[in-house]
file target_12.txt (compact mmCIF, C-alpha atoms)
# COMPACT_ATOMS: atom_id res chain seq x y z
CA MET A 1 138.65 47.56 43.32
CA LYS A 2 136.95 48.65 46.56
CA ILE A 3 137.92 52.23 47.39
CA ILE A 4 136.45 53.93 50.46
CA ILE A 5 136.89 57.65 51.13
CA VAL A 6 135.67 59.04 54.43
CA GLY A 7 134.73 62.73 54.55
CA THR A 8 133.62 65.28 51.96
CA GLY A 9 135.79 68.27 52.86
CA PHE A 10 138.46 69.40 50.41
CA SER A 11 140.68 66.36 51.03
CA GLY A 12 137.98 63.73 50.53
CA SER A 13 136.15 65.48 47.71
CA ILE A 14 139.21 66.32 45.61
CA MET A 15 140.57 62.82 46.11
CA ALA A 16 137.25 61.26 45.09
CA ARG A 17 137.01 63.38 41.94
CA ARG A 18 140.56 62.74 40.82
CA ILE A 19 140.41 58.98 41.42
CA ALA A 20 137.09 58.74 39.59
CA GLU A 21 137.97 61.06 36.73
CA GLU A 22 141.66 60.41 36.16
CA LEU A 23 142.06 56.81 37.29
CA ASN A 24 138.59 55.65 36.24
CA TYR A 25 137.82 53.84 39.50
CA ASP A 26 134.52 53.73 41.35
CA VAL A 27 134.67 55.42 44.73
CA GLU A 28 132.42 54.98 47.76
CA LEU A 29 132.39 58.38 49.48
CA ILE A 30 131.10 58.29 53.06
CA GLU A 31 129.89 61.40 54.89
CA LYS A 32 128.68 61.45 58.49
CA ARG A 33 126.64 64.64 58.07
CA ASP A 34 123.63 65.01 55.82
CA VAL A 35 125.45 67.63 53.73
CA VAL A 36 128.80 67.79 51.92
CA GLY A 37 131.73 70.18 52.24
CA GLY A 38 132.82 69.51 55.80
CA ASN A 39 133.31 72.72 57.76
CA MET A 40 133.12 74.73 54.50
CA TYR A 41 129.40 73.94 54.26
CA ASP A 42 127.23 77.00 53.63
CA TYR A 43 123.56 77.64 52.98
CA GLU A 44 121.23 80.43 51.91
CA ASP A 45 119.07 81.54 54.83
CA GLU A 46 115.49 82.79 54.70
CA TYR A 47 116.68 86.33 53.91
CA GLY A 48 118.76 85.28 50.92
CA ILE A 49 122.08 85.58 52.79
CA MET A 50 124.73 82.92 52.17
CA VAL A 51 125.85 81.86 55.66
CA GLN A 52 128.90 79.69 56.30
CA LYS A 53 127.64 77.43 59.06
CA TYR A 54 130.98 76.70 60.70
CA GLY A 55 132.61 80.11 60.51
CA PRO A 56 134.06 82.27 57.72
CA HIS A 57 136.31 80.62 55.13
CA PHE A 58 138.28 82.40 52.41
CA LEU A 59 140.58 80.94 49.77
CA ASN A 60 144.01 82.55 50.03
CA THR A 61 146.99 81.17 48.13
CA ASN A 62 150.15 82.07 46.27
CA ASN A 63 149.47 79.30 43.74
CA TYR A 64 147.02 80.28 41.03
CA TRP A 65 146.65 76.65 39.92
CA ILE A 66 144.49 76.10 43.03
CA ILE A 67 142.03 78.79 41.94
CA ASP A 68 142.21 77.50 38.37
CA TYR A 69 141.37 73.97 39.51
CA LEU A 70 138.41 75.07 41.64
CA SER A 71 137.15 77.21 38.77
CA LYS A 72 136.13 73.98 37.03
CA TYR A 73 133.40 73.60 39.66
CA SER A 74 132.43 77.19 40.46
CA GLU A 75 132.87 80.72 39.24
CA MET A 76 135.52 82.20 41.56
CA ILE A 77 135.23 85.83 42.65
CA PRO A 78 138.32 87.86 43.70
CA TYR A 79 137.79 88.93 47.30
CA ASN A 80 140.19 90.50 49.80
CA CYS A 81 138.71 90.06 53.25
CA SER A 82 138.60 93.11 55.53
CA LEU A 83 138.97 92.71 59.30
CA LEU A 84 139.04 94.93 62.36
CA SER A 85 139.90 94.22 65.99
CA TYR A 86 137.92 95.85 68.81
CA ILE A 87 140.45 97.00 71.42
CA ASP A 88 139.94 99.54 74.19
CA ASP A 89 136.50 100.47 72.84
CA LYS A 90 137.69 101.30 69.34
CA TYR A 91 138.18 99.52 66.05
CA VAL A 92 141.79 98.75 65.14
CA ARG A 93 143.06 97.55 61.78
CA LEU A 94 143.62 93.80 61.46
CA PRO A 95 146.09 92.57 60.31
CA TYR A 96 147.96 94.62 62.85
CA ASN A 97 150.06 97.04 60.83
CA PHE A 98 151.35 100.61 60.86
CA THR A 99 147.78 101.90 60.93
CA SER A 100 147.20 99.79 64.05
CA ILE A 101 150.22 101.39 65.74
CA GLN A 102 148.80 104.85 65.05
CA GLN A 103 145.40 103.81 66.36
CA LEU A 104 146.76 102.27 69.56
CA VAL A 105 149.43 104.77 70.63
CA GLY A 106 148.63 107.87 68.57
CA TYR A 107 150.33 109.46 65.58
CA LYS A 108 153.12 111.18 67.53
CA GLU A 109 154.34 108.11 69.40
CA SER A 110 153.89 105.88 66.37
CA GLU A 111 156.45 107.78 64.29
CA SER A 112 159.57 106.38 65.93
CA ILE A 113 158.13 102.86 66.21
CA ILE A 114 157.31 102.78 62.51
CA LYS A 115 160.74 104.11 61.55
CA ASP A 116 162.49 101.52 63.70
CA MET A 117 160.39 98.71 62.24
CA ARG A 118 161.16 99.83 58.69
CA THR A 119 164.88 99.79 59.49
CA LEU A 120 165.03 96.57 61.48
CA PHE A 121 162.76 94.56 59.18
CA LYS A 122 163.84 96.08 55.87
CA GLY A 123 162.66 93.97 52.95
CA ARG A 124 160.17 92.07 55.10
CA ASP A 125 156.42 92.18 54.47
CA ARG A 126 155.20 90.36 57.60
CA VAL A 127 156.83 89.31 60.86
CA THR A 128 155.63 87.15 63.73
CA MET A 129 154.57 88.45 67.10
CA TYR A 130 157.51 86.73 68.74
CA GLU A 131 159.95 88.41 66.34
CA LEU A 132 158.64 91.77 67.53
CA LEU A 133 158.83 90.77 71.19
CA GLU A 134 162.37 89.41 70.89
CA CYS A 135 163.90 91.84 68.37
CA GLY A 136 166.02 93.73 70.96
CA ASN A 137 164.81 97.19 69.91
CA GLU A 138 163.41 98.79 73.07
CA ASN A 139 160.99 101.00 71.14
CA ILE A 140 159.51 98.12 69.16
CA VAL A 141 159.50 95.72 72.11
CA HIS A 142 157.55 98.22 74.23
CA PHE A 143 154.81 98.43 71.59
CA ALA A 144 154.92 94.68 70.95
CA ASN A 145 154.29 94.01 74.65
CA LEU A 146 151.31 96.37 74.58
CA LEU A 147 149.85 94.59 71.54
CA TYR A 148 150.64 91.19 72.99
CA GLU A 149 148.83 91.95 76.26
CA LYS A 150 145.81 93.66 74.72
CA ALA A 151 145.27 91.34 71.76
CA PHE A 152 147.40 88.23 71.25
CA LYS A 153 147.47 86.98 74.83
CA THR A 154 143.79 87.55 75.56
CA TYR A 155 142.44 86.31 72.22
CA SER A 156 144.65 83.22 72.05
CA SER A 157 143.98 82.14 75.63
CA LYS A 158 140.26 82.47 75.04
CA GLN A 159 140.36 80.70 71.67
CA TRP A 160 142.37 77.74 72.94
CA GLY A 161 141.16 77.59 76.55
CA ILE A 162 144.70 77.47 77.96
CA PRO A 163 147.35 80.06 78.90
CA ILE A 164 149.22 81.41 75.91
CA ASP A 165 152.55 79.97 77.11
CA GLN A 166 151.06 76.49 76.67
CA ILE A 167 150.12 77.11 73.05
CA ASP A 168 152.58 76.04 70.36
CA ARG A 169 154.33 79.06 68.84
CA SER A 170 153.39 77.95 65.35
CA VAL A 171 149.75 78.66 66.20
CA ILE A 172 150.44 82.17 67.54
CA ASN A 173 152.64 82.92 64.54
CA ARG A 174 149.75 82.36 62.12
CA VAL A 175 148.58 85.94 62.75
CA GLN A 176 151.50 88.08 61.61
CA PHE A 177 152.25 91.78 61.90
CA CYS A 178 152.37 93.72 58.64
CA ILE A 179 155.43 95.91 58.09
CA GLY A 180 153.51 98.59 56.24
CA PHE A 181 149.95 99.73 55.64
CA ASP A 182 148.70 96.66 53.73
CA SER A 183 145.14 96.07 54.96
CA ARG A 184 144.77 92.55 53.55
CA TYR A 185 144.47 90.04 56.37
CA LEU A 186 146.86 87.64 54.60
CA ASN A 187 149.56 88.63 52.14
CA LYS A 188 148.64 85.98 49.61
CA ASP A 189 148.68 86.71 45.88
CA PHE A 190 145.30 85.20 45.05
CA GLN A 191 142.26 85.66 47.30
CA PHE A 192 138.92 84.32 46.09
CA LEU A 193 135.49 83.02 47.06
CA PRO A 194 133.13 80.78 45.08
CA LYS A 195 130.34 82.97 43.73
CA ASN A 196 127.52 80.58 44.66
CA GLY A 197 129.06 79.34 47.90
CA PHE A 198 131.21 76.40 48.90
CA SER A 199 128.38 73.87 49.05
CA ALA A 200 127.57 74.38 45.38
CA LEU A 201 131.25 73.99 44.51
CA PHE A 202 131.48 70.68 46.39
CA LEU A 203 128.27 69.33 44.87
CA ASN A 204 129.60 70.09 41.38
CA MET A 205 132.92 68.47 42.20
CA LEU A 206 131.20 65.30 43.41
CA ASN A 207 128.87 65.10 40.43
CA HIS A 208 130.54 62.18 38.66
CA GLU A 209 129.12 58.79 37.68
CA LYS A 210 131.91 56.92 39.45
CA ILE A 211 131.51 58.77 42.76
CA HIS A 212 128.90 57.07 44.93
CA LEU A 213 128.05 59.47 47.73
CA HIS A 214 126.53 58.23 51.01
CA THR A 215 125.50 60.95 53.48
CA SER A 216 124.27 60.53 57.06
CA VAL A 217 126.50 57.47 57.39
CA ASP A 218 129.04 57.14 60.20
CA ALA A 219 131.92 55.31 58.57
CA ILE A 220 133.35 54.29 61.95
CA GLU A 221 130.37 52.00 62.48
CA HIS A 222 131.23 50.14 59.26
CA ILE A 223 135.04 49.92 59.50
CA ARG A 224 136.73 46.99 61.20
CA PHE A 225 140.34 45.86 61.38
CA LEU A 226 141.18 42.17 61.10
CA ASP A 227 144.83 41.16 61.28
CA GLU A 228 146.38 43.49 58.68
CA LYS A 229 143.17 43.91 56.70
CA VAL A 230 140.74 46.82 56.61
CA LEU A 231 137.11 45.79 56.32
CA PHE A 232 134.09 47.89 55.42
CA ASP A 233 130.79 46.12 56.04
CA GLU A 234 132.89 42.98 56.48
CA GLU A 235 134.27 43.24 52.94
CA GLU A 236 137.99 43.76 52.49
CA VAL A 237 138.96 47.22 51.31
CA ASP A 238 141.63 47.83 48.69
CA LEU A 239 142.09 51.46 49.68
CA LEU A 240 140.86 53.55 52.63
CA ILE A 241 141.37 57.30 52.38
CA TYR A 242 140.45 58.74 55.76
CA THR A 243 139.94 62.43 56.59
CA GLY A 244 138.24 62.20 59.99
CA GLY A 245 139.67 62.18 63.52
CA ILE A 246 142.42 59.57 63.62
CA ASP A 247 141.81 58.79 67.30
CA GLU A 248 138.20 57.92 66.51
CA LEU A 249 139.29 55.61 63.67
CA PHE A 250 141.22 53.47 66.16
CA ASN A 251 138.59 53.66 68.90
CA PHE A 252 140.64 56.05 71.06
CA LYS A 253 143.04 53.24 72.02
CA PHE A 254 145.85 55.70 72.83
CA GLY A 255 143.55 58.34 74.32
CA LYS A 256 141.49 61.16 72.87
CA LEU A 257 143.16 63.91 70.86
CA PRO A 258 141.82 67.29 72.00
CA TYR A 259 140.26 69.79 69.65
CA ARG A 260 138.65 73.15 70.06
CA THR A 261 135.22 73.76 68.61
CA LEU A 262 132.91 76.74 68.17
CA GLU A 263 129.37 77.54 69.17
CA PHE A 264 127.62 80.07 66.92
CA LYS A 265 124.99 82.60 67.94
CA HIS A 266 123.00 84.39 65.24
CA GLN A 267 121.60 87.89 65.61
CA TYR A 268 119.44 89.44 62.88
CA TYR A 269 119.12 93.18 62.32
CA LYS A 270 116.70 95.25 60.24
CA CYS A 271 119.26 97.11 58.16
CA ASP A 272 121.48 96.61 55.16
CA LYS A 273 124.78 96.33 57.09
CA TYR A 274 125.42 96.36 60.83
CA LEU A 275 129.18 95.96 61.38
CA PRO A 276 131.81 98.33 59.94
CA CYS A 277 133.37 95.41 58.02
CA GLU A 278 132.76 91.71 57.46
CA ILE A 279 134.72 90.32 60.43
CA ILE A 280 135.47 91.84 63.83
CA SER A 281 137.73 90.14 66.39
CA TYR A 282 137.14 90.80 70.09
CA PRO A 283 140.30 89.98 72.06
CA GLN A 284 139.05 91.70 75.24
CA ALA A 285 135.45 90.44 75.23
CA LYS A 286 134.35 87.74 77.63
CA GLY A 287 133.42 84.38 76.16
CA TYR A 288 133.41 85.21 72.44
CA THR A 289 136.17 85.81 69.94
CA ARG A 290 134.81 87.26 66.69
CA SER A 291 131.69 88.18 64.73
CA THR A 292 131.03 87.80 61.01
CA GLU A 293 128.48 89.64 58.91
CA TYR A 294 127.95 87.35 55.93
CA LYS A 295 126.01 89.94 53.96
CA TYR A 296 129.33 91.52 52.92
CA PHE A 297 130.29 88.50 50.82
CA SER A 298 126.91 87.02 49.98
CA PHE A 299 127.27 87.87 46.30
CA ASN A 300 123.78 86.90 45.14
CA CYS A 301 121.81 88.56 47.94
CA SER A 302 119.56 91.45 46.87
CA ASN A 303 117.98 91.98 50.30
CA LYS A 304 118.82 95.50 51.57
CA SER A 305 116.68 95.45 54.70
CA ASP A 306 117.96 92.43 56.66
CA THR A 307 121.36 91.23 57.81
CA VAL A 308 122.81 88.62 60.15
CA VAL A 309 125.80 88.76 62.49
CA VAL A 310 127.18 85.42 63.68
CA THR A 311 129.33 85.43 66.82
CA GLU A 312 131.72 82.64 67.77
CA TYR A 313 132.13 81.18 71.25
CA PRO A 314 135.07 78.74 71.54
CA HIS A 315 134.80 75.57 73.65
CA ASP A 316 136.52 72.27 74.13
CA TYR A 317 135.34 69.69 71.61
CA ASP A 318 132.88 67.23 73.13
CA ILE A 319 131.65 64.45 70.87
CA SER A 320 128.64 63.86 73.18
CA ASN A 321 127.44 67.49 73.14
CA PRO A 322 125.34 68.35 70.03
CA LYS A 323 126.41 72.01 70.28
CA ARG A 324 130.11 71.22 70.61
CA ASN A 325 130.66 68.01 68.64
CA ILE A 326 132.30 69.43 65.50
CA PRO A 327 136.11 69.32 65.84
CA CYS A 328 137.57 72.50 64.36
CA TYR A 329 141.10 73.12 65.59
CA PRO A 330 143.68 70.54 66.74
CA VAL A 331 145.39 71.62 69.96
CA ILE A 332 149.04 71.47 68.93
CA ASN A 333 151.57 70.79 71.69
CA LYS A 334 154.19 68.14 72.43
CA THR A 335 151.92 65.95 74.55
CA ASN A 336 149.22 65.80 71.89
CA MET A 337 151.69 65.27 69.06
CA ASP A 338 153.16 62.32 70.95
CA ILE A 339 149.67 60.80 71.12
CA TYR A 340 149.14 61.48 67.43
CA GLU A 341 152.41 59.75 66.59
CA LYS A 342 151.09 56.56 68.19
CA TYR A 343 147.96 56.69 66.05
CA TYR A 344 149.99 57.45 62.94
CA ASN A 345 152.23 54.45 63.57
CA GLU A 346 149.13 52.32 64.12
CA SER A 347 147.80 53.37 60.71
CA LYS A 348 151.07 52.31 59.07
CA LYS A 349 150.37 48.70 60.07
CA TYR A 350 147.78 48.76 57.30
CA HIS A 351 149.49 49.45 53.99
CA ASN A 352 146.27 50.64 52.35
CA ILE A 353 145.25 53.43 54.77
CA PHE A 354 146.03 56.98 53.66
CA LEU A 355 145.43 59.89 56.04
CA CYS A 356 144.46 63.27 54.59
CA GLY A 357 143.43 66.61 56.05
CA ARG A 358 143.36 68.59 59.26
CA LEU A 359 141.76 65.95 61.48
CA ALA A 360 143.45 62.83 60.16
CA GLU A 361 146.89 64.44 60.14
CA TYR A 362 146.26 66.55 63.26
CA LYS A 363 147.57 69.70 61.60
CA TYR A 364 146.28 73.26 61.66
CA TYR A 365 145.96 73.44 57.87
CA ASN A 366 144.63 76.39 55.91
CA MET A 367 142.46 75.51 52.92
CA ASP A 368 145.20 76.14 50.36
CA LEU A 369 147.59 73.84 52.22
CA VAL A 370 144.91 71.14 52.48
CA ILE A 371 144.41 71.31 48.71
CA GLU A 372 148.16 71.25 48.00
CA SER A 373 148.64 68.29 50.35
CA THR A 374 145.74 66.40 48.75
CA PHE A 375 147.24 66.82 45.28
CA GLN A 376 150.57 65.51 46.55
CA LYS A 377 148.95 62.52 48.23
CA PHE A 378 146.96 61.73 45.11
CA GLU A 379 150.23 61.08 43.30
CA ILE A 380 151.30 58.69 46.07
CA ILE A 381 147.93 56.91 45.95
CA LYS A 382 148.07 56.74 42.15
CA LYS A 383 151.43 54.99 42.33
CA TYR A 384 150.17 52.68 45.07
CA LEU A 385 147.23 51.59 42.92
CA GLU A 386 149.44 51.14 39.85
CA ASP A 387 151.85 48.96 41.83
CA LYS A 388 148.95 46.98 43.28
CA LEU A 389 147.80 46.00 39.80
CA LYS A 390 151.22 44.91 38.58

call {"tool": "encode", "arguments": {"input": "target_12.txt", "output": "structure tokens"}}
result
Amino acid sequence: MKIIIVGTGFSGSIMARRIAEELNYDVELIEKRDVVGGNMYDYEDEYGIMVQKYGPHFLNTNNYWIIDYLSKYSEMIPYNCSLLSYIDDKYVRLPYNFTSIQQLVGYKESESIIKDMRTLFKGRDRVTMYELLECGNENIVHFANLLYEKAFKTYSSKQWGIPIDQIDRSVINRVQFCIGFDSRYLNKDFQFLPKNGFSALFLNMLNHEKIHLHTSVDAIEHIRFLDEKVLFDEEEVDLLIYTGGIDELFNFKFGKLPYRTLEFKHQYYKCDKYLPCEIISYPQAKGYTRSTEYKYFSFNCSNKSDTVVVTEYPHDYDISNPKRNIPCYPVINKTNMDIYEKYYNESKKYHNIFLCGRLAEYKYYNMDLVIESTFQKFEIIKKYLEDKLK
């Protein structure tokens, strides 16, 4: 049985482990980079700080089984991330909540807005920005427009490189307004980080005698399609699980799918902590969107005299630019989804190709949803392999 898995993010790594451990098959795991973990890759810098190379990642889920599963490969530490947004030269609570209203319009004016929100959205914990804008309550709508103009519109346009009215609403709705004073960025029941970092977790997950890991290998250079067969190094493949960009897999035959990427600039400071919390968003700044101080959640760091702040500058993904060649966020709109549909239909011509993850499925997945989806697809693949052997 020749099983090829491309990519060592959560989709590829979990799939490799489960196929090797539960189905007892050998797996060839192919990774383009020289490290594992995909965009969750992290490393300890020269000051003992655990830095997440491709931006901050936190595990947030309502399903404890996800944390329980990952605990097999790393000690998991409960961690509720704290964020602020820098608006009009002051720090404002993020997620935007009742505290944010008080900070933006003052205590006196906030009273009636908060009361109206409590009445209109009774029983609700979070609501979307568009629900606030379109709720029909003049008091709430006035504040919602202020927040939209000062934060959502400016940040989103900068992050995605297009006007906000061209961005799919599902993307804008990811950042929701809290109906209350809850300061957790996401209202998920279980929020954790691996104690020793994501890279260590992935290395433990992939430590299995039936997983054969190949790093610094571009799988695209080895994959070829012949009639209805998938070949890897000219040998027919029984199963290809692919987690990379689907347009790249099929040599961009229907056009390139656009992504946004990030450029990171590091600034070191001679102090224990520099920012007032671990992540600050900057909706009104020019060119950059947020800064992360990794010292806050570098659990094993004992250095009290040095810290690093990493600032993110969003750009269009460019596979030929070494600083911008990591696809991070699919640009979801009707035009791009129509292109994706063509690639998806192309993949269905080959009964043994399974697409998993943010890039292959062209979805703006959070980590918990990637893990859930991978577990679901494992059951489909398990049945496929069982049927194949009948």

call {"tool": "residues_around", "arguments": {"input": "target_12.txt", "residues": "segment 349-363 of chain A", "least_positions_apart": "5", "cutoff": "6 Å", "atoms": "all atoms listed in the file", "output": "PyMOL selection string"}}
result
chain A and resi 11+228+239-246+330+370

call {"tool": "atom_distance", "arguments": {"input": "target_12.txt", "atom1": "atom CA of Asp238 of chain A", "atom2": "atom CA of Lys2 of chain A"}}
result
5.2 Å

call {"tool": "closest_residue", "arguments": {"input": "target_12.txt", "among": "A:Ser74, A:His212, A:Tyr41, A:Ile87", "to": "Ile4 of chain A", "atoms": "all atoms listed in the file"}}
result
A:His212

call {"tool": "residues_around", "arguments": {"input": "target_12.txt", "residues": "segment 52-55 of chain A", "least_positions_apart": "5", "cutoff": "9 Å", "atoms": "only C-alpha atoms", "output": "VMD selection string"}}
result
chain A and resid 38 to 44 197 to 198 262 to 264 292 294 310 to 312 326 328

call {"tool": "residues_near_point", "arguments": {"input": "target_12.txt", "point": "(131.8, 87.7, 67.0)", "cutoff": "9 Å", "atoms": "only C-alpha atoms", "output": "list of chain:residue names"}}
result
A:Phe264, A:Lys265, A:Ile279, A:Ile280, A:Ser281, A:Tyr282, A:Tyr288, A:Thr289, A:Arg290, A:Ser291, A:Thr292, A:Glu293, A:Val309, A:Val310, A:Thr311, A:Glu312, A:Tyr313

call {"tool": "atom_distance", "arguments": {"input": "target_12.txt", "atom1": "atom CA of Val92 of chain A", "atom2": "atom CA of Phe58 of chain A"}}
result
21.0 Å

call {"tool": "atom_distance", "arguments": {"input": "target_12.txt", "atom1": "atom CA of Gly7 of chain A", "atom2": "atom CA of Leu29 of chain A"}}
result
7.1 Å

call {"tool": "residues_around", "arguments": {"input": "target_12.txt", "residues": "Thr99 of chain A", "least_positions_apart": "6", "cutoff": "10 Å", "atoms": "all atoms listed in the file", "output": "list in words"}}
result
Val92, Arg93, Gly106, Tyr107, Ser110, Ile114, Cys178, Gly180, Phe181, Asp182 and Ser183 of chain A

call {"tool": "residues_around", "arguments": {"input": "target_12.txt", "residues": "Glu109 of chain A", "least_positions_apart": "4", "cutoff": "12 Å", "atoms": "all atoms listed in the file", "output": "PyMOL selection string"}}
result
chain A and resi 98+101-105+113-116+139-140+142-143

call {"tool": "residues_around", "arguments": {"input": "target_12.txt", "residues": "Tyr329 of chain A", "least_positions_apart": "5", "cutoff": "7 Å", "atoms": "all atoms listed in the file", "output": "PyMOL selection string"}}
result
chain A and resi 259-261+364

call {"tool": "closest_atom_pairs", "arguments": {"input": "target_12.txt", "of": "segment 1-108 of chain A", "to": "segment 216-222 of chain A", "cutoff": "8 Å", "atoms": "only C-alpha atoms", "output": "tab-separated table"}}
result
residue	atom	partner	partner_atom	distance
A:Val6	CA	A:Ala219	CA	6.7
A:Ile30	CA	A:Ala219	CA	6.3
A:Glu31	CA	A:Val217	CA	5.8
A:Lys32	CA	A:Asp218	CA	4.7
A:Arg33	CA	A:Ser216	CA	4.9
A:Asp34	CA	A:Ser216	CA	4.7
A:Val35	CA	A:Ser216	CA	7.9

call {"tool": "write_last_selection", "arguments": {"input": "target_12.txt", "atoms": "C-alpha atoms", "output": "PDB file, keeping the file's coordinate frame"}}
result
ATOM      1  CA  VAL A   6     135.670  59.040  54.430  1.00  0.00           C
ATOM      2  CA  ILE A  30     131.100  58.290  53.060  1.00  0.00           C
ATOM      3  CA  GLU A  31     129.890  61.400  54.890  1.00  0.00           C
ATOM      4  CA  LYS A  32     128.680  61.450  58.490  1.00  0.00           C
ATOM      5  CA  ARG A  33     126.640  64.640  58.070  1.00  0.00           C
ATOM      6  CA  ASP A  34     123.630  65.010  55.820  1.00  0.00           C
ATOM      7  CA  VAL A  35     125.450  67.630  53.730  1.00  0.00           C
TER       8      VAL A  35
END

call {"tool": "closest_residue", "arguments": {"input": "target_12.txt", "among": "A:Gln166, A:Phe177, A:Asn145, A:Leu94", "to": "Val127 of chain A", "atoms": "only C-alpha atoms"}}
result
A:Phe177

call {"tool": "build_atoms", "arguments": {"input": "target_12.txt", "residues": "segment 342-361 of chain A", "atoms": "N, CA and C atoms", "output": "PDB file, keeping the file's coordinate frame"}}
result
ATOM      1  N   LYS A 342     151.494  57.946  67.930  1.00  0.00           N
ATOM      2  CA  LYS A 342     151.090  56.560  68.190  1.00  0.00           C
ATOM      3  C   LYS A 342     149.994  56.128  67.222  1.00  0.00           C
ATOM      4  N   TYR A 343     149.027  57.021  66.997  1.00  0.00           N
ATOM      5  CA  TYR A 343     147.960  56.690  66.050  1.00  0.00           C
ATOM      6  C   TYR A 343     148.497  56.591  64.627  1.00  0.00           C
ATOM      7  N   TYR A 344     149.398  57.489  64.285  1.00  0.00           N
ATOM      8  CA  TYR A 344     149.990  57.450  62.940  1.00  0.00           C
ATOM      9  C   TYR A 344     150.724  56.127  62.708  1.00  0.00           C
ATOM     10  N   ASN A 345     151.500  55.720  63.686  1.00  0.00           N
ATOM     11  CA  ASN A 345     152.230  54.450  63.570  1.00  0.00           C
ATOM     12  C   ASN A 345     151.268  53.271  63.489  1.00  0.00           C
ATOM     13  N   GLU A 346     150.154  53.365  64.197  1.00  0.00           N
ATOM     14  CA  GLU A 346     149.130  52.320  64.120  1.00  0.00           C
ATOM     15  C   GLU A 346     148.577  52.218  62.709  1.00  0.00           C
ATOM     16  N   SER A 347     148.357  53.370  62.075  1.00  0.00           N
ATOM     17  CA  SER A 347     147.800  53.370  60.710  1.00  0.00           C
ATOM     18  C   SER A 347     148.767  52.742  59.717  1.00  0.00           C
ATOM     19  N   LYS A 348     150.066  52.843  59.984  1.00  0.00           N
ATOM     20  CA  LYS A 348     151.070  52.310  59.070  1.00  0.00           C
ATOM     21  C   LYS A 348     151.104  50.778  59.073  1.00  0.00           C
ATOM     22  N   LYS A 349     150.463  50.158  60.064  1.00  0.00           N
ATOM     23  CA  LYS A 349     150.370  48.700  60.070  1.00  0.00           C
ATOM     24  C   LYS A 349     149.510  48.203  58.920  1.00  0.00           C
ATOM     25  N   TYR A 350     148.685  49.110  58.406  1.00  0.00           N
ATOM     26  CA  TYR A 350     147.780  48.760  57.300  1.00  0.00           C
ATOM     27  C   TYR A 350     148.260  49.527  56.070  1.00  0.00           C
ATOM     28  N   HIS A 351     148.839  48.810  55.137  1.00  0.00           N
ATOM     29  CA  HIS A 351     149.490  49.450  53.990  1.00  0.00           C
ATOM     30  C   HIS A 351     148.539  50.227  53.113  1.00  0.00           C
ATOM     31  N   ASN A 352     147.231  50.004  53.263  1.00  0.00           N
ATOM     32  CA  ASN A 352     146.270  50.640  52.350  1.00  0.00           C
ATOM     33  C   ASN A 352     145.447  51.748  53.008  1.00  0.00           C
ATOM     34  N   ILE A 353     145.904  52.263  54.144  1.00  0.00           N
ATOM     35  CA  ILE A 353     145.250  53.430  54.770  1.00  0.00           C
ATOM     36  C   ILE A 353     146.069  54.673  54.455  1.00  0.00           C
ATOM     37  N   PHE A 354     145.379  55.704  53.929  1.00  0.00           N
ATOM     38  CA  PHE A 354     146.030  56.980  53.660  1.00  0.00           C
ATOM     39  C   PHE A 354     145.276  58.071  54.419  1.00  0.00           C
ATOM     40  N   LEU A 355     146.012  58.848  55.210  1.00  0.00           N
ATOM     41  CA  LEU A 355     145.430  59.890  56.040  1.00  0.00           C
ATOM     42  C   LEU A 355     145.562  61.232  55.336  1.00  0.00           C
ATOM     43  N   CYS A 356     144.457  61.977  55.274  1.00  0.00           N
ATOM     44  CA  CYS A 356     144.460  63.270  54.590  1.00  0.00           C
ATOM     45  C   CYS A 356     143.671  64.296  55.397  1.00  0.00           C
ATOM     46  N   GLY A 357     144.203  65.511  55.495  1.00  0.00           N
ATOM     47  CA  GLY A 357     143.430  66.610  56.050  1.00  0.00           C
ATOM     48  C   GLY A 357     143.733  66.954  57.492  1.00  0.00           C
ATOM     49  N   ARG A 358     143.094  68.007  57.953  1.00  0.00           N
ATOM     50  CA  ARG A 358     143.360  68.590  59.260  1.00  0.00           C
ATOM     51  C   ARG A 358     143.152  67.611  60.404  1.00  0.00           C
ATOM     52  N   LEU A 359     142.075  66.854  60.377  1.00  0.00           N
ATOM     53  CA  LEU A 359     141.760  65.950  61.480  1.00  0.00           C
ATOM     54  C   LEU A 359     142.615  64.693  61.444  1.00  0.00           C
ATOM     55  N   ALA A 360     142.706  64.084  60.278  1.00  0.00           N
ATOM     56  CA  ALA A 360     143.450  62.830  60.160  1.00  0.00           C
ATOM     57  C   ALA A 360     144.941  63.017  60.374  1.00  0.00           C
ATOM     58  N   GLU A 361     145.459  64.176  59.974  1.00  0.00           N
ATOM     59  CA  GLU A 361     146.890  64.440  60.140  1.00  0.00           C
ATOM     60  C   GLU A 361     147.190  65.281  61.372  1.00  0.00           C
TER      61      GLU A 361
END
